[in-house]
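Student: Got model.cif for you, mmCIF, C-alpha atoms:
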data_my_file
loop_
_atom_site.label_atom_id
_atom_site.label_comp_id
_atom_site.auth_asym_id
_atom_site.auth_seq_id
_atom_site.Cartn_x
_atom_site.Cartn_y
_atom_site.Cartn_z
CA MET L 1 0.00 0.00 0.00
CA LYS L 2 1.28 3.44 -0.89
CA LYS L 3 2.48 5.42 2.14
CA PRO L 4 0.20 8.35 2.86
CA LEU L 5 1.65 11.82 2.85
CA LEU L 6 1.40 13.93 5.97
CA THR L 7 0.26 17.53 6.03
CA VAL L 8 1.68 20.29 8.21
CA LYS L 9 -1.31 19.80 10.51
CA ASP L 10 -0.52 16.07 10.77
CA ILE L 11 3.12 16.80 11.65
CA VAL L 12 2.04 19.31 14.28
CA GLN L 13 -0.33 16.82 15.89
CA ILE L 14 2.23 13.98 15.84
CA THR L 15 5.28 15.87 17.12
CA GLY L 16 3.94 18.93 18.94
CA ILE L 17 6.15 21.20 16.84
CA THR L 18 4.51 24.41 15.64
CA ALA L 19 3.66 25.15 12.03
CA ARG L 20 5.75 28.29 12.28
CA THR L 21 8.81 26.23 13.23
CA LEU L 22 8.21 23.85 10.32
CA HIS L 23 8.07 26.79 7.94
CA TYR L 24 11.29 28.18 9.42
CA TYR L 25 13.10 24.82 9.05
CA ASP L 26 11.99 24.79 5.43
CA ARG L 27 13.28 28.32 4.88
CA ILE L 28 16.77 27.52 6.24
CA ASP L 29 16.88 24.21 4.31
CA LEU L 30 17.07 22.12 7.48
CA PHE L 31 13.84 20.19 6.94
CA LYS L 32 12.01 20.56 3.67
CA PRO L 33 8.69 19.00 2.62
CA THR L 34 8.70 15.95 0.40
CA HIS L 35 6.15 17.49 -1.93
CA LEU L 36 4.41 20.77 -2.59
CA THR L 37 0.86 20.77 -3.93
CA GLU L 38 -0.24 23.04 -6.74
CA LYS L 39 -1.60 25.39 -4.10
CA GLY L 40 1.72 25.39 -2.26
CA TYR L 41 0.75 23.14 0.65
CA ARG L 42 3.62 21.22 2.23
CA LEU L 43 3.42 17.41 2.35
CA TYR L 44 5.77 14.98 4.10
CA ASP L 45 6.34 11.24 3.78
CA ARG L 46 7.10 8.79 6.61
CA SER L 47 10.88 8.96 6.16
CA SER L 48 10.67 12.76 6.49
CA LEU L 49 8.94 12.31 9.84
CA GLU L 50 11.85 10.19 11.06
CA LYS L 51 14.31 12.91 10.00
CA LEU L 52 12.30 15.56 11.83
CA GLN L 53 12.25 13.44 14.99
CA THR L 54 16.04 13.17 14.75
CA ILE L 55 16.27 16.97 14.44
CA LEU L 56 14.07 17.43 17.49
CA LEU L 57 16.18 14.96 19.48
CA LEU L 58 19.39 16.76 18.56
CA LYS L 59 17.82 20.08 19.50
CA GLU L 60 16.87 18.67 22.92
CA LEU L 61 20.53 17.63 23.26
CA GLU L 62 21.35 21.34 22.90
CA PHE L 63 22.93 21.27 19.45
CA SER L 64 22.52 24.45 17.42
CA LEU L 65 20.51 24.29 14.20
CA LYS L 66 23.70 24.80 12.22
CA ASP L 67 25.37 21.87 14.03
CA ILE L 68 22.27 19.74 13.46
CA ALA L 69 22.42 20.42 9.73
CA ASP L 70 26.07 19.32 9.70
CA ILE L 71 25.36 16.20 11.80
CA LEU L 72 22.59 15.07 9.44
CA LYS L 73 25.13 14.96 6.61
CA LEU L 74 27.26 12.41 8.48
CA ASN L 75 26.94 8.65 8.47
CA LYS L 76 25.51 6.79 11.49
CA GLN L 77 28.91 5.93 12.97
CA GLU L 78 30.11 9.52 12.81
CA GLN L 79 26.87 10.70 14.37
CA LYS L 80 27.31 8.26 17.26
CA GLN L 81 30.78 9.61 18.00
CA ILE L 82 29.47 13.16 18.18
CA LEU L 83 26.60 12.07 20.43
CA LYS L 84 29.02 10.32 22.80
CA LYS L 85 31.00 13.55 23.16
CA GLN L 86 27.80 15.50 23.71
CA ARG L 87 26.78 13.07 26.42
CA GLN L 88 30.00 13.84 28.31
CA THR L 89 29.36 17.56 27.91
CA LEU L 90 25.83 17.21 29.26
CA LEU L 91 27.05 15.01 32.12
CA SER L 92 29.58 17.68 33.15
CA ARG L 93 26.86 20.30 32.94
CA LYS L 94 24.57 18.13 35.07
CA GLN L 95 27.25 17.76 37.74
CA ARG L 96 27.87 21.51 37.71
CA LEU L 97 24.15 22.21 38.09
CA GLU L 98 23.95 19.76 40.99
CA ASN L 99 26.85 21.62 42.66
CA ILE L 100 25.11 24.94 42.08
CA MET L 101 21.88 23.59 43.59
CA THR L 102 23.76 22.39 46.67
CA VAL L 103 25.42 25.78 47.08
CA LEU L 104 22.09 27.54 46.52
CA ASP L 105 20.52 25.49 49.30
CA GLU L 106 23.40 26.41 51.61
CA PHE L 107 23.06 30.10 50.76
CA VAL L 108 19.30 30.08 51.34
CA SER L 109 19.96 28.35 54.67
CA GLY L 110 22.06 31.33 55.74
CA ASN L 111 25.67 30.43 54.90
CA ASP L 112 27.78 33.43 53.94
CA ILE L 113 28.57 33.80 50.23
CA SER L 114 32.31 34.01 50.89
CA ASN L 115 32.24 30.44 52.24
CA LEU L 116 30.42 29.02 49.23
CA ASN L 117 32.08 27.41 46.22
CA ILE L 118 29.52 28.52 43.65
CA LEU L 119 32.17 29.86 41.26
CA ASN L 120 34.65 27.01 41.62
CA CYS L 121 33.28 25.21 38.56
CA SER L 122 33.14 28.37 36.50
CA SER L 123 35.62 30.32 34.40
CA VAL L 124 35.05 33.08 36.95
CA LEU L 125 37.48 32.92 39.85
CA PRO L 126 36.17 31.52 43.18
CA LEU L 127 35.04 34.26 45.57
CA LYS L 128 37.80 33.69 48.11
CA GLU L 129 40.36 34.03 45.31
CA GLN L 130 38.62 37.19 44.13
CA TYR L 131 38.89 38.63 47.65
CA ALA L 132 42.59 37.73 47.77
CA ASN L 133 43.18 39.40 44.41
CA GLU L 134 41.23 42.45 45.57
CA ALA L 135 43.36 42.71 48.71
CA ARG L 136 46.50 42.37 46.58
CA PHE L 137 45.25 45.14 44.31
CA ILE L 138 44.47 47.52 47.19
CA TYR L 139 47.26 46.73 49.65
CA GLY L 140 49.86 45.06 47.43
CA GLU L 141 52.33 47.95 47.63
CA THR L 142 52.23 48.22 51.42
CA GLU L 143 54.87 46.67 53.65
CA ALA L 144 52.15 45.01 55.74
CA TYR L 145 50.73 43.19 52.73
CA LYS L 146 54.18 42.03 51.65
CA VAL L 147 54.74 40.53 55.10
CA TYR L 148 51.28 38.96 55.00
CA SER L 149 51.87 37.49 51.53
CA GLU L 150 55.25 36.05 52.53
CA THR L 151 53.88 34.59 55.76
CA MET L 152 50.92 32.97 54.02
CA GLY L 153 53.18 31.53 51.36
CA ASN L 154 55.19 29.71 54.01
CA LEU L 155 52.16 28.10 55.68
CA SER L 156 50.69 24.73 54.79
CA VAL L 157 47.02 24.41 53.93
CA ASP L 158 46.30 22.96 57.37
CA GLU L 159 48.17 25.79 59.09
CA LYS L 160 46.23 28.40 57.14
CA GLU L 161 42.94 26.75 58.03
CA LYS L 162 43.99 26.68 61.70
CA ARG L 163 44.84 30.39 61.71
CA PHE L 164 41.57 31.35 60.04
CA ALA L 165 39.62 29.07 62.39
CA ASP L 166 41.21 30.80 65.39
CA ILE L 167 40.13 34.22 64.11
CA GLU L 168 36.63 32.96 63.35
CA GLU L 169 36.39 31.69 66.92
CA ILE L 170 37.20 35.20 68.16
CA TYR L 171 34.44 36.63 65.97
CA LYS L 172 32.02 34.17 67.55
CA GLN L 173 33.07 35.24 71.04
CA ILE L 174 32.74 38.92 70.14
CA ALA L 175 29.25 38.19 68.77
CA CYS L 176 28.31 36.84 72.20
CA CYS L 177 29.34 40.18 73.71
CA ILE L 178 27.42 42.35 71.27
CA HIS L 179 25.05 43.59 73.99
CA GLN L 180 27.96 44.92 76.02
CA ASP L 181 29.57 48.30 75.52
CA PRO L 182 32.40 48.17 72.91
CA SER L 183 34.70 49.71 75.53
CA SER L 184 34.04 46.95 78.07
CA ASP L 185 37.03 44.96 79.33
CA GLU L 186 35.70 41.72 77.84
CA VAL L 187 35.20 43.17 74.36
CA GLN L 188 38.56 44.95 74.37
CA ARG L 189 40.29 41.78 75.56
CA LEU L 190 38.87 39.97 72.54
CA ILE L 191 39.94 42.79 70.22
CA GLU L 192 43.47 42.46 71.60
CA GLU L 193 43.32 38.72 70.97
CA TRP L 194 42.09 39.44 67.43
CA LYS L 195 45.03 41.82 66.89
CA GLU L 196 47.49 39.22 68.17
CA ASN L 197 46.19 36.75 65.62
CA LEU L 198 46.52 39.33 62.84
CA MET L 199 50.08 40.06 63.96
CA GLN L 200 50.94 36.46 63.06
CA PHE L 201 50.29 37.42 59.45
CA MET L 202 51.37 41.07 59.26
CA THR L 203 52.49 44.15 61.14
CA CYS L 204 49.31 45.96 62.18
CA ASP L 205 49.72 49.67 62.84
CA ALA L 206 46.87 52.00 63.75
CA GLU L 207 46.32 53.06 60.14
CA LEU L 208 45.95 49.49 58.89
CA LEU L 209 43.66 48.53 61.78
CA ALA L 210 41.45 51.54 61.06
CA CYS L 211 41.33 50.53 57.38
CA ILE L 212 40.26 46.99 58.32
CA ALA L 213 37.61 48.36 60.70
CA HIS L 214 36.31 50.67 57.96
CA THR L 215 36.09 47.73 55.55
CA TYR L 216 34.17 45.64 58.06
CA LYS L 217 31.61 48.42 58.54
CA PHE L 218 31.14 49.73 55.01
CA ASP L 219 31.80 46.76 52.68
CA ALA L 220 28.46 44.95 52.21
CA ARG L 221 30.22 41.64 51.63
CA PHE L 222 31.90 41.74 55.03
CA LYS L 223 28.65 42.79 56.69
CA SER L 224 27.05 39.76 55.04
CA TYR L 225 29.93 37.57 56.19
CA PHE L 226 29.52 38.64 59.82
CA ASN L 227 25.78 38.00 59.66
CA GLN L 228 26.51 34.28 59.82
CA TYR L 229 27.47 34.73 63.48
CA GLY L 230 23.88 35.58 64.27
CA HIS L 231 23.91 39.37 64.58
CA GLU L 232 23.24 41.82 61.77
CA ASP L 233 24.98 44.59 63.74
CA LEU L 234 28.21 42.64 64.34
CA ALA L 235 30.14 44.49 61.60
CA ASP L 236 29.22 47.86 63.14
CA PHE L 237 30.05 46.55 66.61
CA LEU L 238 33.47 45.37 65.44
CA TYR L 239 34.13 48.74 63.83
CA SER L 240 33.32 50.60 67.03
CA SER L 241 35.33 48.18 69.16
CA ILE L 242 38.41 48.37 66.94
CA ILE L 243 38.33 52.19 66.68
CA LEU L 244 38.01 52.45 70.47
CA ASN L 245 40.99 50.13 70.82
CA ILE L 246 43.05 52.24 68.42
CA ASN L 247 42.17 55.45 70.26
CA ARG L 248 42.95 53.85 73.61
CA GLU L 249 46.37 52.73 72.38
CA SER L 250 47.20 56.15 70.89
CA SER L 251 46.30 57.96 74.13
CA GLN L 252 48.62 55.84 76.26
#
In structure tokens, write the structure found in this file.

Tutor:
Amino acid sequence: MKKPLLTVKDIVQITGITARTLHYYDRIDLFKPTHLTEKGYRLYDRSSLEKLQTILLLKELEFSLKDIADILKLNKQEQKQILKKQRQTLLSRKQRLENIMTVLDEFVSGNDISNLNILNCSSVLPLKEQYANEARFIYGETEAYKVYSETMGNLSVDEKEKRFADIEEIYKQIACCIHQDPSSDEVQRLIEEWKENLMQFMTCDAELLACIAHTYKFDARFKSYFNQYGHEDLADFLYSSIILNINRESSQ
């Protein structure tokens, strides 16, 4: 029995593709009708339907229309090789999206953005590396930064983590004192302990300490970072406590 020809309406009902898309594929020579009637109606045979389904599959696999046109010119074995490579690309993308979803959940749960690895699978530098580069750009010419850079370069990964963990512990203790006056003995003792930890990395004079305090208070990223310790006002509290400490030291 002769195979029936399919109209545009038939193709639309079978595949779900729009008539407008069919017309566009015809115009760019990607998928042309098998026949045209005297009135200009497009007709397609069964083999054409199989080709269209292949095009739709390749489109779902995120190939461009130009790439699809090139793939259709290849033999089956060559097409399989390209599809295998595309599978690896999609698998990598899937893993990246899963990582992003995990990080997104952590961020929504309240974790600070500086502790998240959302850019680690991207061509954009990870946030912690961006912060390090920013510090290098701003303070790179200062003697304090040179000492800091040299000291950090001589530490192992575990030693660096230990130093940062010690400072974070001080932030937590200061957060517990946020309802006290910044000039209180307890708060100022913790600021001194904070300074001692910084001195392990660099020489901290009054000017540098004031700069750090200013950054804590006015840089939104640091304010966000300190929010993780449970108090939205912690950045302002640290600023006040550090400035009081500086003024106390200069008056002695």

Student: Show me, as a PyMOL selection string, the residues that have an atom within 9 Å of region 57-61 of chain L when counting all atoms listed in the file, minus same-chain residues fewer than 5 positions from it.

Tutor: chain L and resi 52+68+83+86-87+90

Student: Which of these, L:Ser183, L:Pro4, L:Gln200, L:Asp26, has the shortest distance to Tyr239 (chain L) once you count only C-alpha atoms?

Tutor: L:Ser183

Student: For CA of Asp45 (chain L) and CA of Leu6 (chain L), determine how far apart the two atoms are, in Å to one decimal place.

Tutor: 6.0 Å

Student: Find, counting all atoms listed in the file, the residue in L:Leu49, L:Ile28, L:Met101, L:Ala19 that gets nearest to Ala69 (chain L).

Tutor: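 Using all atoms listed in the file, Ala69 (chain L) sits closest to L:Ile28.
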
Student: What does the structure give for the distance between CA of Tyr41 (chain L) and CA of Asp70 (chain L), in Å to one decimal?

Tutor: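 Computing the Euclidean distance for CA of Tyr41 (chain L) and CA of Asp70 (chain L) yields 27.2 Å.
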
Student: Given 5 Å on each side, where is the centre and what are the edge lengths in Å to one decimal of the axis-aligned box enclosing the listed atoms of region 86-93 of chain L, as JSON?

Tutor:
{"center_x": 27.9, "center_y": 16.7, "center_z": 28.4, "size_x": 14.2, "size_y": 17.2, "size_z": 19.4}

Student: Between CA of Leu234 (chain L) and CA of Pro182 (chain L), what is the spacing in Å?

Tutor: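 About the pair CA of Pro182 (chain L) and CA of Leu234 (chain L): they are 11.0 Å apart.
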
Student: For Ile191 (chain L), which of L:Ser241, L:Ser224, L:Thr15, L:Ser64 is the closest residue, counting all atoms listed in the file?

Tutor: L:Ser241

Student: Could you tell me which of L:Glu38, L:Asp236, L:Asp219, L:Asp205 comes closest to Ile174 (chain L) if we count all atoms listed in the file?

Tutor: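 With all atoms listed in the file as the atom set, the closest residue is L:Asp236.
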
Student: Check which residues satisfy the PyMOL selection byres ((chain L and resi 171) around 9) in the file shown, then give them as a list in words.

Tutor: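 Applying the expression gives Asp166, Ile167, Glu168, Glu169, Ile170, Lys172, Gln173, Ile174, Ala175, Cys176, Leu190, Trp194, Phe226, Tyr229, Leu234 and Leu238 of chain L.
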
Student: Pick out the closest residue to Tyr44 (chain L) from this set: L:Leu22, L:Leu209, L:Leu5, L:Ile82. Count only C-alpha atoms.

Tutor: L:Leu5

Student: For a quick check of understanding, using all atoms listed in the file, which of L:Ile100, L:Lys162, L:Leu30, L:Asp105 has the smallest distance to Lys73 (chain L)?

Tutor: L:Leu30

Student: Using the chain letters and residue numbers of this document, give as an mmCIF file with C-alpha atoms, in the frame of the given file the residues selected by the PyMOL selection byres ((chain L and resi 243) around 12).

Tutor:
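And here is the file that came out, selection35.cif:
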data_model
loop_
_atom_site.group_PDB
_atom_site.id
_atom_site.type_symbol
_atom_site.label_atom_id
_atom_site.label_comp_id
_atom_site.auth_asym_id
_atom_site.auth_seq_id
_atom_site.Cartn_x
_atom_site.Cartn_y
_atom_site.Cartn_z
ATOM 1 C CA PRO L 182 32.400 48.170 72.910
ATOM 2 C CA SER L 183 34.700 49.710 75.530
ATOM 3 C CA GLN L 188 38.560 44.950 74.370
ATOM 4 C CA ILE L 191 39.940 42.790 70.220
ATOM 5 C CA ALA L 206 46.870 52.000 63.750
ATOM 6 C CA GLU L 207 46.320 53.060 60.140
ATOM 7 C CA LEU L 208 45.950 49.490 58.890
ATOM 8 C CA LEU L 209 43.660 48.530 61.780
ATOM 9 C CA ALA L 210 41.450 51.540 61.060
ATOM 10 C CA CYS L 211 41.330 50.530 57.380
ATOM 11 C CA ILE L 212 40.260 46.990 58.320
ATOM 12 C CA ALA L 213 37.610 48.360 60.700
ATOM 13 C CA HIS L 214 36.310 50.670 57.960
ATOM 14 C CA TYR L 216 34.170 45.640 58.060
ATOM 15 C CA LYS L 217 31.610 48.420 58.540
ATOM 16 C CA ASP L 236 29.220 47.860 63.140
ATOM 17 C CA PHE L 237 30.050 46.550 66.610
ATOM 18 C CA LEU L 238 33.470 45.370 65.440
ATOM 19 C CA TYR L 239 34.130 48.740 63.830
ATOM 20 C CA SER L 240 33.320 50.600 67.030
ATOM 21 C CA SER L 241 35.330 48.180 69.160
ATOM 22 C CA ILE L 242 38.410 48.370 66.940
ATOM 23 C CA LEU L 244 38.010 52.450 70.470
ATOM 24 C CA ASN L 245 40.990 50.130 70.820
ATOM 25 C CA ILE L 246 43.050 52.240 68.420
ATOM 26 C CA ASN L 247 42.170 55.450 70.260
ATOM 27 C CA ARG L 248 42.950 53.850 73.610
ATOM 28 C CA GLU L 249 46.370 52.730 72.380
ATOM 29 C CA SER L 250 47.200 56.150 70.890
#
